[in-house]
>>> print(open('input-v9.csv').read())   # CSV, C-alpha atoms and all ligand atoms
chain,number,residue,atom,x,y,z
A,1,MET,CA,11.4,-10.7,-15.2
A,2,VAL,CA,8.2,-12.6,-15.9
A,3,PHE,CA,6.1,-9.5,-16.3
A,4,LEU,CA,8.3,-7.8,-18.9
A,5,GLN,CA,8.0,-10.9,-21.1
A,6,THR,CA,4.2,-10.8,-21.1
A,7,ARG,CA,2.1,-8.7,-23.4
A,8,LEU,CA,-0.6,-8.2,-20.8
A,9,LYS,CA,-2.8,-5.2,-20.8
A,10,VAL,CA,-3.2,-3.6,-17.5
A,11,GLY,CA,-6.2,-1.5,-16.6
A,12,PHE,CA,-7.0,0.8,-13.7
A,13,ILE,CA,-10.5,1.5,-12.6
A,14,GLY,CA,-10.0,4.7,-10.7
A,15,ALA,CA,-7.4,7.4,-11.5
A,16,GLY,CA,-6.7,8.8,-8.0
A,17,ASN,CA,-3.5,9.0,-6.0
A,18,MET,CA,-2.6,5.3,-5.9
A,19,ALA,CA,-3.5,4.6,-9.5
A,20,GLN,CA,-1.3,7.6,-10.5
A,21,ALA,CA,1.6,6.4,-8.4
A,22,MET,CA,1.4,2.9,-9.8
A,23,ILE,CA,1.2,4.1,-13.4
A,24,LYS,CA,4.2,6.4,-12.9
A,25,GLY,CA,6.2,3.6,-11.3
A,26,MET,CA,5.3,1.1,-14.1
A,27,ILE,CA,6.2,3.5,-16.8
A,28,GLN,CA,9.4,4.9,-15.2
A,29,SER,CA,10.7,1.4,-14.4
A,30,GLY,CA,10.0,0.4,-18.0
A,31,ASN,CA,7.9,-2.5,-16.6
A,32,VAL,CA,4.9,-1.8,-18.8
A,33,SER,CA,4.7,0.3,-21.9
A,34,PRO,CA,2.1,3.1,-22.0
A,35,ALA,CA,0.4,1.4,-24.9
A,36,ARG,CA,-0.6,-1.4,-22.6
A,37,ILE,CA,-1.9,0.7,-19.7
A,38,TYR,CA,-5.6,1.6,-19.6
A,39,VAL,CA,-7.6,3.8,-17.2
A,40,SER,CA,-11.2,4.6,-16.6
A,41,SER,CA,-12.7,6.7,-13.9
A,42,ARG,CA,-16.0,8.2,-12.7
A,43,THR,CA,-15.1,11.6,-14.2
A,44,SER,CA,-12.8,12.2,-17.2
A,45,GLN,CA,-10.4,14.9,-15.9
A,46,LYS,CA,-7.9,12.6,-14.1
A,47,PRO,CA,-7.7,10.0,-17.0
A,48,GLN,CA,-7.2,12.8,-19.5
A,49,LYS,CA,-4.4,14.3,-17.4
A,50,LEU,CA,-2.7,10.9,-17.2
A,51,ARG,CA,-3.0,10.5,-20.9
A,52,GLU,CA,-1.3,13.9,-21.5
A,53,LEU,CA,1.4,13.0,-19.0
A,54,TYR,CA,2.2,9.4,-20.0
A,55,ASN,CA,0.4,8.8,-23.3
A,56,ILE,CA,-1.6,5.9,-21.8
A,57,GLN,CA,-5.0,4.7,-23.0
A,58,VAL,CA,-8.3,6.0,-21.7
A,59,CYS,CA,-11.5,4.0,-21.7
A,60,THR,CA,-14.7,6.0,-21.5
A,61,ASN,CA,-16.4,3.5,-19.1
A,62,ASN,CA,-15.4,0.6,-16.8
A,63,GLU,CA,-17.1,-2.1,-18.9
A,64,ASP,CA,-14.8,-1.2,-21.9
A,65,LEU,CA,-11.8,-1.4,-19.7
A,66,VAL,CA,-12.8,-4.8,-18.3
A,67,GLU,CA,-13.3,-6.1,-21.8
A,68,THR,CA,-9.9,-4.9,-23.0
A,69,CYS,CA,-7.5,-5.7,-20.1
A,70,ASP,CA,-5.9,-8.9,-18.8
A,71,VAL,CA,-5.2,-7.4,-15.4
A,72,VAL,CA,-7.8,-5.1,-13.8
A,73,ILE,CA,-6.7,-3.0,-10.8
A,74,LEU,CA,-9.6,-1.8,-8.7
A,75,ALA,CA,-8.2,1.5,-7.6
A,76,MET,CA,-11.2,3.3,-6.1
A,77,LYS,CA,-12.0,3.9,-2.5
A,78,PRO,CA,-13.3,0.8,-0.7
A,79,GLN,CA,-16.7,2.3,-0.2
A,80,ASP,CA,-17.1,2.8,-4.0
A,81,LEU,CA,-15.8,-0.6,-5.0
A,82,ILE,CA,-18.7,-3.0,-4.7
A,83,SER,CA,-21.2,-0.6,-6.3
A,84,ALA,CA,-18.8,-0.1,-9.2
A,85,VAL,CA,-18.0,-3.8,-9.8
A,86,GLU,CA,-21.3,-5.6,-9.0
A,87,PRO,CA,-23.2,-4.2,-12.0
A,88,ILE,CA,-20.4,-5.2,-14.5
A,89,ALA,CA,-19.4,-8.5,-12.8
A,90,ARG,CA,-20.5,-10.6,-15.8
A,91,ASN,CA,-18.1,-8.7,-18.1
A,92,PHE,CA,-15.1,-10.2,-16.3
A,93,ASN,CA,-13.7,-13.4,-17.8
A,94,GLU,CA,-12.2,-16.4,-16.0
A,95,LYS,CA,-8.6,-15.8,-17.1
A,96,GLN,CA,-8.8,-12.2,-15.8
A,97,ILE,CA,-6.5,-11.1,-13.0
A,98,VAL,CA,-8.3,-8.7,-10.7
A,99,VAL,CA,-6.2,-6.7,-8.1
A,100,SER,CA,-8.0,-5.0,-5.3
A,101,LEU,CA,-6.3,-2.2,-3.3
A,102,ALA,CA,-9.2,-1.8,-1.0
A,103,ALA,CA,-8.7,-1.9,2.8
A,104,GLY,CA,-11.3,-3.9,4.6
A,105,LEU,CA,-12.4,-6.0,1.7
A,106,ARG,CA,-11.4,-9.7,2.1
A,107,LEU,CA,-10.8,-11.9,-0.9
A,108,GLU,CA,-13.8,-14.1,0.1
A,109,THR,CA,-16.1,-11.1,-0.3
A,110,LEU,CA,-14.7,-10.2,-3.7
A,111,GLU,CA,-14.9,-13.9,-4.7
A,112,LYS,CA,-18.6,-13.8,-4.2
A,113,ILE,CA,-18.9,-11.0,-6.8
A,114,LEU,CA,-16.2,-12.2,-9.2
A,115,PRO,CA,-16.0,-16.0,-8.6
A,116,GLN,CA,-14.6,-16.6,-12.2
A,117,CYS,CA,-11.5,-14.4,-11.8
A,118,ARG,CA,-8.0,-14.9,-10.4
A,119,LEU,CA,-8.1,-12.5,-7.4
A,120,VAL,CA,-5.3,-10.6,-5.7
A,121,ARG,CA,-5.3,-8.3,-2.6
A,122,LEU,CA,-2.6,-5.7,-2.8
A,123,MET,CA,-1.7,-3.2,-0.1
A,124,PRO,CA,1.0,-0.6,-1.1
A,125,ASN,CA,1.8,1.8,1.8
A,126,THR,CA,2.1,5.5,1.1
A,127,PRO,CA,5.9,5.5,0.4
A,128,ALA,CA,4.9,3.5,-2.7
A,129,LEU,CA,3.9,7.0,-4.0
A,130,ILE,CA,7.7,7.6,-4.3
A,131,GLN,CA,8.6,4.0,-5.2
A,132,LYS,CA,9.9,3.4,-1.6
A,133,GLY,CA,7.0,1.3,-0.5
A,134,SER,CA,6.3,-2.0,1.2
A,135,VAL,CA,3.7,-3.8,-0.8
A,136,GLY,CA,1.7,-6.6,0.8
A,137,CYS,CA,0.3,-9.2,-1.7
A,138,LEU,CA,-2.2,-12.0,-1.2
A,139,VAL,CA,-3.5,-14.3,-3.9
A,140,ASN,CA,-6.8,-16.2,-3.6
A,141,ASP,CA,-5.3,-19.5,-4.8
A,142,ASP,CA,-2.1,-20.4,-3.0
A,143,GLN,CA,-1.4,-23.1,-5.6
A,144,ASP,CA,-1.3,-20.3,-8.3
A,145,GLU,CA,2.5,-19.7,-8.0
A,146,GLY,CA,2.6,-18.1,-11.4
A,147,LEU,CA,0.2,-15.4,-10.3
A,148,ALA,CA,2.2,-14.6,-7.2
A,149,ASP,CA,5.4,-14.4,-9.3
A,150,LEU,CA,3.7,-12.2,-11.8
A,151,MET,CA,2.4,-9.8,-9.1
A,152,GLU,CA,5.8,-9.6,-7.6
A,153,ASP,CA,7.4,-8.5,-10.9
A,154,MET,CA,4.6,-6.2,-11.8
A,155,PHE,CA,4.6,-4.3,-8.5
A,156,ALA,CA,8.3,-4.2,-7.8
A,157,CYS,CA,8.3,-0.7,-9.3
A,158,LEU,CA,6.5,0.5,-6.1
A,159,GLY,CA,9.1,-0.9,-3.6
A,160,SER,CA,9.5,-4.2,-1.9
A,161,VAL,CA,6.7,-6.8,-2.5
A,162,HIS,CA,5.9,-9.2,0.4
A,163,ARG,CA,3.9,-12.3,-0.4
A,164,LEU,CA,1.4,-12.9,2.4
A,165,GLU,CA,-0.1,-16.2,3.3
A,166,SER,CA,-3.4,-15.4,4.8
A,167,GLU,CA,-6.0,-12.7,5.4
A,168,ASP,CA,-4.8,-12.4,9.0
A,169,GLN,CA,-1.2,-11.8,7.8
A,170,PHE,CA,-2.5,-9.3,5.3
A,171,GLU,CA,-4.4,-7.4,8.0
A,172,SER,CA,-1.3,-7.4,10.3
A,173,PHE,CA,0.9,-6.1,7.4
A,174,MET,CA,-1.6,-3.4,6.8
A,175,ILE,CA,-1.6,-2.2,10.4
A,176,ALA,CA,2.2,-2.2,10.8
A,177,CYS,CA,3.2,-1.0,7.4
A,178,SER,CA,0.4,1.0,6.0
A,179,SER,CA,-1.1,2.6,9.1
A,180,GLY,CA,2.4,2.2,10.5
A,181,THR,CA,3.6,4.9,8.2
A,182,GLY,CA,1.2,7.3,9.9
A,183,PHE,CA,2.4,6.1,13.3
A,184,VAL,CA,6.0,6.9,12.4
A,185,PHE,CA,4.9,10.4,11.3
A,186,GLU,CA,3.4,10.8,14.8
A,187,PHE,CA,6.8,10.2,16.3
A,188,MET,CA,8.4,12.5,13.8
A,189,ILE,CA,6.0,15.2,14.9
A,190,TYR,CA,7.0,14.8,18.5
A,191,TRP,CA,10.7,15.1,17.6
A,192,GLN,CA,10.2,18.2,15.5
A,193,ASP,CA,8.0,19.9,18.2
A,194,TRP,CA,10.7,19.2,20.9
A,195,LEU,CA,13.4,20.7,18.7
A,196,GLU,CA,11.2,23.8,18.0
A,197,GLU,CA,10.5,24.2,21.7
A,198,HIS,CA,14.3,24.2,22.2
A,199,GLY,CA,14.9,27.2,19.8
A,200,PHE,CA,15.3,25.7,16.4
A,201,ASP,CA,13.3,27.1,13.6
A,202,THR,CA,10.7,24.9,11.9
A,203,ALA,CA,12.7,24.1,8.8
A,204,VAL,CA,15.8,23.2,10.7
A,205,ALA,CA,13.9,21.1,13.2
A,206,ARG,CA,12.1,19.3,10.4
A,207,ARG,CA,15.4,18.6,8.6
A,208,MET,CA,17.0,17.3,11.8
A,209,THR,CA,14.0,15.0,12.5
A,210,GLN,CA,14.1,13.6,9.0
A,211,GLU,CA,17.8,12.9,9.3
A,212,VAL,CA,17.4,11.0,12.6
A,213,PHE,CA,14.7,8.8,11.1
A,214,THR,CA,16.3,8.1,7.7
A,215,GLY,CA,19.7,7.8,9.3
A,216,ALA,CA,18.6,5.2,11.8
A,217,ALA,CA,16.7,3.3,9.1
A,218,ALA,CA,19.6,3.4,6.7
A,219,MET,CA,21.9,2.1,9.4
A,220,ALA,CA,19.5,-0.8,10.0
A,221,VAL,CA,19.4,-1.6,6.3
A,222,GLN,CA,23.2,-1.5,6.0
A,223,ASN,CA,23.8,-3.7,9.1
A,224,SER,CA,21.1,-6.3,8.5
A,225,ASP,CA,23.4,-8.9,10.1
A,226,GLN,CA,22.9,-7.2,13.5
A,227,SER,CA,19.7,-7.2,15.5
A,228,LEU,CA,18.0,-3.8,16.2
A,229,GLU,CA,18.7,-4.5,19.9
A,230,GLU,CA,22.5,-4.8,19.2
A,231,MET,CA,22.5,-1.6,17.1
A,232,GLN,CA,20.6,0.2,19.9
A,233,GLY,CA,23.2,-1.1,22.4
A,234,LYS,CA,26.0,0.5,20.4
A,235,VAL,CA,24.5,4.0,20.7
A,236,THR,CA,23.8,3.5,24.5
A,237,SER,CA,26.6,3.7,27.0
A,238,LYS,CA,25.9,2.4,30.5
A,239,LYS,CA,24.5,5.2,32.8
A,240,GLY,CA,24.9,7.6,29.8
A,241,VAL,CA,22.5,10.1,28.3
A,242,THR,CA,20.7,7.8,25.9
A,243,ALA,CA,20.4,5.1,28.6
A,244,ALA,CA,18.6,7.6,30.8
A,245,GLY,CA,16.1,8.4,28.0
A,246,LEU,CA,15.5,4.8,27.2
A,247,SER,CA,15.0,3.8,30.8
A,248,SER,CA,12.3,6.5,31.1
A,249,MET,CA,10.6,5.2,27.9
A,250,ARG,CA,10.5,1.8,29.4
A,251,GLU,CA,9.2,3.0,32.7
A,252,LEU,CA,6.5,4.9,30.9
A,253,GLU,CA,5.6,1.7,29.1
A,254,MET,CA,5.9,3.1,25.6
A,255,GLU,CA,5.8,-0.4,24.1
A,256,ARG,CA,2.5,-1.1,25.8
A,257,ALA,CA,1.0,2.2,24.6
A,258,LEU,CA,2.1,1.3,21.0
A,259,ARG,CA,0.8,-2.2,21.2
A,260,LEU,CA,-2.6,-0.9,22.4
A,261,SER,CA,-2.6,1.5,19.5
A,262,PHE,CA,-1.9,-1.2,16.9
A,263,GLU,CA,-4.7,-3.3,18.5
A,264,LYS,CA,-7.1,-0.3,18.3
A,265,ALA,CA,-6.2,0.1,14.6
A,266,ASP,CA,-6.8,-3.6,14.1
A,267,LEU,CA,-10.3,-3.4,15.7
A,268,ARG,CA,-11.2,-0.5,13.5
A,269,ASN,CA,-10.1,-2.4,10.5
A,270,LYS,CA,-12.3,-5.4,11.4
A,271,GLU,CA,-15.2,-3.0,12.0
A,272,ILE,CA,-14.8,-1.5,8.4
A,273,SER,CA,-14.5,-5.0,7.1
A,274,ARG,CA,-17.9,-5.9,8.7
A,275,GLU,CA,-19.5,-2.7,7.4
A,276,MET,CA,-18.3,-3.6,3.8
A,277,LYS,CA,-19.9,-7.1,4.1
A,278,THR,CA,-23.3,-5.7,5.1
A,279,ARG,CA,-23.4,-3.2,2.3
A,301,LIG,N1,-3.3,6.6,-1.4
A,301,LIG,C1,-2.6,5.7,-0.7
A,301,LIG,O1,-1.5,5.9,-0.1
A,301,LIG,C2,-3.1,4.2,-0.5
A,301,LIG,C3,-2.3,3.3,0.1
A,301,LIG,C4,-2.8,2.0,0.2
A,301,LIG,C5,-4.0,1.6,-0.4
A,301,LIG,N2,-4.7,2.6,-1.1
A,301,LIG,C6,-6.0,2.1,-1.6
A,301,LIG,O2,-6.0,2.5,-3.0
A,301,LIG,C7,-7.4,2.7,-3.4
A,301,LIG,C8,-7.5,4.1,-4.1
A,301,LIG,O3,-7.1,5.1,-3.1
A,301,LIG,P1,-6.7,6.5,-3.6
A,301,LIG,O4,-6.0,7.2,-2.5
A,301,LIG,O5,-6.0,6.5,-4.9
A,301,LIG,O6,-8.2,7.2,-3.8
A,301,LIG,P2,-8.6,8.5,-4.6
A,301,LIG,O7,-7.4,9.4,-4.8
A,301,LIG,O8,-9.8,9.0,-3.9
A,301,LIG,O9,-9.0,7.9,-6.0
A,301,LIG,C9,-10.1,7.1,-6.2
A,301,LIG,C10,-10.5,7.1,-7.7
A,301,LIG,O10,-11.6,6.2,-7.9
A,301,LIG,C11,-12.5,6.8,-8.8
A,301,LIG,N3,-13.8,6.2,-8.7
A,301,LIG,C12,-14.7,6.3,-7.7
A,301,LIG,N4,-15.8,5.6,-8.0
A,301,LIG,C13,-15.6,5.1,-9.3
A,301,LIG,C14,-16.4,4.3,-10.2
A,301,LIG,N5,-17.6,3.9,-9.8
A,301,LIG,N6,-15.9,4.0,-11.4
A,301,LIG,C15,-14.6,4.4,-11.7
A,301,LIG,N7,-13.8,5.1,-10.9
A,301,LIG,C16,-14.3,5.5,-9.7
A,301,LIG,C17,-12.4,8.3,-8.5
A,301,LIG,O11,-12.9,9.0,-9.6
A,301,LIG,P3,-13.2,10.6,-9.4
A,301,LIG,O12,-11.9,11.3,-9.2
A,301,LIG,O13,-13.8,10.9,-10.8
A,301,LIG,O14,-14.2,10.8,-8.3
A,301,LIG,C18,-10.9,8.5,-8.3
A,301,LIG,O15,-10.3,8.7,-9.5
A,301,LIG,C19,-8.2,2.6,-2.1
A,301,LIG,O16,-8.8,1.4,-2.0
A,301,LIG,C20,-7.2,2.8,-1.0
A,301,LIG,O17,-7.6,2.2,0.2
A,301,LIG,C21,-4.3,3.9,-1.1
>>> encode(input="input-v9.csv", output="structure tokens")
Amino acid sequence: MVFLQTRLKVGFIGAGNMAQAMIKGMIQSGNVSPARIYVSSRTSQKPQKLRELYNIQVCTNNEDLVETCDVVILAMKPQDLISAVEPIARNFNEKQIVVSLAAGLRLETLEKILPQCRLVRLMPNTPALIQKGSVGCLVNDDQDEGLADLMEDMFACLGSVHRLESEDQFESFMIACSSGTGFVFEFMIYWQDWLEEHGFDTAVARRMTQEVFTGAAAMAVQNSDQSLEEMQGKVTSKKGVTAAGLSSMRELEMERALRLSFEKADLRNKEISREMKTR
């Protein structure tokens, strides 16, 4: 583990949901000691609470945190990021690693504000909150292998880290894995509703739904030598019940509907990105 061998100080600007999940993951995995984790935020309640919970270090302002830490994680909402970083951009040094979690903010935009830093775009999806995430990672210098390795080690505590090669790949990852988590919940809602309409009470219908989704996913994980089509084939006998349902899904062009939804999400993402640039 590269990261464990370093004595790097890691700072979070912003102490909300994602910062809390990352701090919890880092401490529980033993990846970073609390003495080397710093946090600053707009108001003091969340940092103080984190200090009580994990004995981490609190900085009273963002400048102090930037001057103390080797890795600075920008963990505020995208719309707050530029106004928070621009006024203190000179406080960052050229060795500093800056990790942005913001959707819609391309590295080239961040590079204009912090040209001296080693920059990373990171996208943990919501299951990262329970250390079951898919984490997309893009570094601004593709020759900087050391940085990509370091990031992989550092964020393995949130789930599986995927090194991405371009902003386009990053955006696609975000749609499929980050927004994708929301899309999967949409399907789960339909499943639960259908079961409730057929007489199951809410708690049972929900449990059954969870089991179908986690069960299918766990089987896919355990049989990674088989394609998903092969696995689907094994639960589908010719002219049987599952085949009838699948045939209807295909007639109704569910795939087309889903593709259009992914594309709509992608368009919205591009729109947000443009709005960020013009701020
Ligand atoms: N939550 C997720 O599942 C998820 C998934 C992927 C990516 N992300 C990304 O992670 C980032 C954080 O999201 P979140 O859900 O953790 O947001 P959040 O819960 O709203 O937390 C944002 C934090 O930023 C702080 N903040 C705002 N302006 C600040 C400033 N000028 N200086 C210092 N701190 C400031 C807020 O402070 P106050 O509390 O004092 O207002 C708050 O602690 C976003 O870019 C989001 O897109 C989140």
>>> atom_distance(input="input-v9.csv", atom1="atom CA of A:Gln20", atom2="atom CA of A:Leu65")
16.6 Å
>>> closest_atom_pairs(input="input-v9.csv", of="chain A", to="ligand LIG 301 (chain A)", cutoff="6 Å", atoms="all atoms listed in the file", output="JSON lines")
{"residue": "A:Ile13", "atom": "CA", "partner": "A:LIG301", "partner_atom": "C15", "distance": 5.1}
{"residue": "A:Gly14", "atom": "CA", "partner": "A:LIG301", "partner_atom": "O10", "distance": 3.6}
{"residue": "A:Ala15", "atom": "CA", "partner": "A:LIG301", "partner_atom": "O15", "distance": 3.8}
{"residue": "A:Gly16", "atom": "CA", "partner": "A:LIG301", "partner_atom": "O9", "distance": 3.2}
{"residue": "A:Asn17", "atom": "CA", "partner": "A:LIG301", "partner_atom": "O5", "distance": 3.7}
{"residue": "A:Met18", "atom": "CA", "partner": "A:LIG301", "partner_atom": "O5", "distance": 3.7}
{"residue": "A:Ala19", "atom": "CA", "partner": "A:LIG301", "partner_atom": "O5", "distance": 5.6}
{"residue": "A:Ser40", "atom": "CA", "partner": "A:LIG301", "partner_atom": "C15", "distance": 6.0}
{"residue": "A:Ser41", "atom": "CA", "partner": "A:LIG301", "partner_atom": "N7", "distance": 3.6}
{"residue": "A:Arg42", "atom": "CA", "partner": "A:LIG301", "partner_atom": "O13", "distance": 4.0}
{"residue": "A:Thr43", "atom": "CA", "partner": "A:LIG301", "partner_atom": "O13", "distance": 3.7}
{"residue": "A:Ala75", "atom": "CA", "partner": "A:LIG301", "partner_atom": "C8", "distance": 4.4}
{"residue": "A:Met76", "atom": "CA", "partner": "A:LIG301", "partner_atom": "O10", "distance": 3.4}
{"residue": "A:Lys77", "atom": "CA", "partner": "A:LIG301", "partner_atom": "C19", "distance": 4.0}
{"residue": "A:Pro78", "atom": "CA", "partner": "A:LIG301", "partner_atom": "O16", "distance": 4.7}
{"residue": "A:Asp80", "atom": "CA", "partner": "A:LIG301", "partner_atom": "N4", "distance": 5.1}
{"residue": "A:Ala84", "atom": "CA", "partner": "A:LIG301", "partner_atom": "N5", "distance": 4.2}
{"residue": "A:Leu101", "atom": "CA", "partner": "A:LIG301", "partner_atom": "O16", "distance": 4.6}
{"residue": "A:Ala102", "atom": "CA", "partner": "A:LIG301", "partner_atom": "O16", "distance": 3.4}
{"residue": "A:Ala103", "atom": "CA", "partner": "A:LIG301", "partner_atom": "O17", "distance": 5.0}
{"residue": "A:Met123", "atom": "CA", "partner": "A:LIG301", "partner_atom": "C4", "distance": 5.3}
{"residue": "A:Pro124", "atom": "CA", "partner": "A:LIG301", "partner_atom": "C4", "distance": 4.8}
{"residue": "A:Asn125", "atom": "CA", "partner": "A:LIG301", "partner_atom": "C3", "distance": 4.7}
{"residue": "A:Thr126", "atom": "CA", "partner": "A:LIG301", "partner_atom": "O1", "distance": 3.8}
>>> atom_distance(input="input-v9.csv", atom1="atom CA of A:Ile130", atom2="atom CA of A:Thr181")
13.4 Å
>>> residues_around(input="input-v9.csv", residues="stretch 207-218 of chain A", least_positions_apart="6", cutoff="8 Å", atoms="all atoms listed in the file", output="PDB file with C-alpha atoms, in the frame of the given file")
ATOM      1  CA  MET A 188       8.400  12.500  13.800  1.00  0.00           C
ATOM      2  CA  TRP A 191      10.700  15.100  17.600  1.00  0.00           C
ATOM      3  CA  GLN A 192      10.200  18.200  15.500  1.00  0.00           C
TER       4      GLN A 192
END
>>> closest_residue(input="input-v9.csv", among="A:Leu138, A:Ser33, A:Ala21, A:Val221", to="A:Glu171", atoms="all atoms listed in the file")
A:Leu138
>>> residues_near_point(input="input-v9.csv", point="(0.7, 0.6, -21.8)", cutoff="8 Å", atoms="all atoms listed in the file", output="MDAnalysis selection string")
chainID A and resid 9:10 27 32:38 56:57
>>> atom_distance(input="input-v9.csv", atom1="atom CA of A:Glu111", atom2="atom CA of A:Lys264")
27.8 Å
>>> residues_near_point(input="input-v9.csv", point="(-2.8, -2.4, -9.3)", cutoff="8 Å", atoms="only C-alpha atoms", output="list of chain:residue names")
A:Phe12, A:Ala19, A:Met22, A:Val72, A:Ile73, A:Leu74, A:Ala75, A:Val99, A:Ser100, A:Leu101, A:Leu122, A:Phe155
>>> closest_atom_pairs(input="input-v9.csv", of="stretch 99-191 of chain A", to="stretch 241-261 of chain A", cutoff="12 Å", atoms="only C-alpha atoms", output="JSON lines")
{"residue": "A:Ile175", "atom": "CA", "partner": "A:Ser261", "partner_atom": "CA", "distance": 9.9}
{"residue": "A:Ala176", "atom": "CA", "partner": "A:Arg259", "partner_atom": "CA", "distance": 10.5}
{"residue": "A:Ser179", "atom": "CA", "partner": "A:Ser261", "partner_atom": "CA", "distance": 10.6}
{"residue": "A:Gly180", "atom": "CA", "partner": "A:Ser261", "partner_atom": "CA", "distance": 10.3}
{"residue": "A:Gly182", "atom": "CA", "partner": "A:Ser261", "partner_atom": "CA", "distance": 11.8}
{"residue": "A:Phe183", "atom": "CA", "partner": "A:Leu258", "partner_atom": "CA", "distance": 9.1}
{"residue": "A:Val184", "atom": "CA", "partner": "A:Leu258", "partner_atom": "CA", "distance": 11.0}
{"residue": "A:Glu186", "atom": "CA", "partner": "A:Leu258", "partner_atom": "CA", "distance": 11.4}
{"residue": "A:Phe187", "atom": "CA", "partner": "A:Leu258", "partner_atom": "CA", "distance": 11.1}
>>> write_last_selection(input="input-v9.csv", atoms="C-alpha atoms", output="PDB file, keeping the file's coordinate frame")
ATOM      1  CA  ILE A 175      -1.600  -2.200  10.400  1.00  0.00           C
ATOM      2  CA  ALA A 176       2.200  -2.200  10.800  1.00  0.00           C
ATOM      3  CA  SER A 179      -1.100   2.600   9.100  1.00  0.00           C
ATOM      4  CA  GLY A 180       2.400   2.200  10.500  1.00  0.00           C
ATOM      5  CA  GLY A 182       1.200   7.300   9.900  1.00  0.00           C
ATOM      6  CA  PHE A 183       2.400   6.100  13.300  1.00  0.00           C
ATOM      7  CA  VAL A 184       6.000   6.900  12.400  1.00  0.00           C
ATOM      8  CA  GLU A 186       3.400  10.800  14.800  1.00  0.00           C
ATOM      9  CA  PHE A 187       6.800  10.200  16.300  1.00  0.00           C
TER      10      PHE A 187
END
>>> closest_residue(input="input-v9.csv", among="A:Pro47, A:Gly136, A:Gly199, A:Gly159", to="A:Ser172", atoms="all atoms listed in the file")
A:Gly136
>>> closest_residue(input="input-v9.csv", among="A:Val39, A:Ala156, A:Val120, A:Val71", to="A:Val58", atoms="only C-alpha atoms")
A:Val39
>>> closest_residue(input="input-v9.csv", among="A:Ile113, A:Gly30, A:Pro127, A:Asp201", to="A:Met154", atoms="all atoms listed in the file")
A:Gly30
>>> closest_residue(input="input-v9.csv", among="A:Cys59, A:Leu53, A:Leu150, A:Cys177", to="A:Ile97", atoms="all atoms listed in the file")
A:Leu150
>>> build_atoms(input="input-v9.csv", residues="stretch 98-109 of chain A", atoms="N, CA and C atoms", output="PDB file, in the coordinates of the input")
ATOM      1  N   VAL A  98      -7.714  -9.885 -11.238  1.00  0.00           N
ATOM      2  CA  VAL A  98      -8.300  -8.700 -10.700  1.00  0.00           C
ATOM      3  C   VAL A  98      -7.581  -8.356  -9.353  1.00  0.00           C
ATOM      4  N   VAL A  99      -7.031  -7.147  -9.281  1.00  0.00           N
ATOM      5  CA  VAL A  99      -6.200  -6.700  -8.100  1.00  0.00           C
ATOM      6  C   VAL A  99      -6.991  -5.678  -7.349  1.00  0.00           C
ATOM      7  N   SER A 100      -7.331  -6.000  -6.096  1.00  0.00           N
ATOM      8  CA  SER A 100      -8.000  -5.000  -5.300  1.00  0.00           C
ATOM      9  C   SER A 100      -7.078  -4.318  -4.331  1.00  0.00           C
ATOM     10  N   LEU A 101      -7.180  -2.999  -4.264  1.00  0.00           N
ATOM     11  CA  LEU A 101      -6.300  -2.200  -3.300  1.00  0.00           C
ATOM     12  C   LEU A 101      -7.107  -1.852  -2.083  1.00  0.00           C
ATOM     13  N   ALA A 102      -8.346  -2.317  -2.002  1.00  0.00           N
ATOM     14  CA  ALA A 102      -9.200  -1.800  -1.000  1.00  0.00           C
ATOM     15  C   ALA A 102      -8.946  -2.370   0.429  1.00  0.00           C
ATOM     16  N   ALA A 103      -8.792  -1.481   1.379  1.00  0.00           N
ATOM     17  CA  ALA A 103      -8.700  -1.900   2.800  1.00  0.00           C
ATOM     18  C   ALA A 103     -10.048  -2.454   3.189  1.00  0.00           C
ATOM     19  N   GLY A 104     -10.048  -3.454   4.060  1.00  0.00           N
ATOM     20  CA  GLY A 104     -11.300  -3.900   4.600  1.00  0.00           C
ATOM     21  C   GLY A 104     -12.080  -4.899   3.775  1.00  0.00           C
ATOM     22  N   LEU A 105     -11.662  -5.103   2.538  1.00  0.00           N
ATOM     23  CA  LEU A 105     -12.400  -6.000   1.700  1.00  0.00           C
ATOM     24  C   LEU A 105     -11.648  -7.315   1.505  1.00  0.00           C
ATOM     25  N   ARG A 106     -12.126  -8.360   2.166  1.00  0.00           N
ATOM     26  CA  ARG A 106     -11.400  -9.700   2.100  1.00  0.00           C
ATOM     27  C   ARG A 106     -11.654 -10.311   0.756  1.00  0.00           C
ATOM     28  N   LEU A 107     -10.727 -11.200   0.395  1.00  0.00           N
ATOM     29  CA  LEU A 107     -10.800 -11.900  -0.900  1.00  0.00           C
ATOM     30  C   LEU A 107     -12.118 -12.692  -0.998  1.00  0.00           C
ATOM     31  N   GLU A 108     -12.545 -13.276   0.163  1.00  0.00           N
ATOM     32  CA  GLU A 108     -13.800 -14.100   0.100  1.00  0.00           C
ATOM     33  C   GLU A 108     -14.978 -13.254  -0.278  1.00  0.00           C
ATOM     34  N   THR A 109     -14.979 -11.975   0.113  1.00  0.00           N
ATOM     35  CA  THR A 109     -16.100 -11.100  -0.300  1.00  0.00           C
ATOM     36  C   THR A 109     -16.037 -10.786  -1.761  1.00  0.00           C
TER      37      THR A 109
END
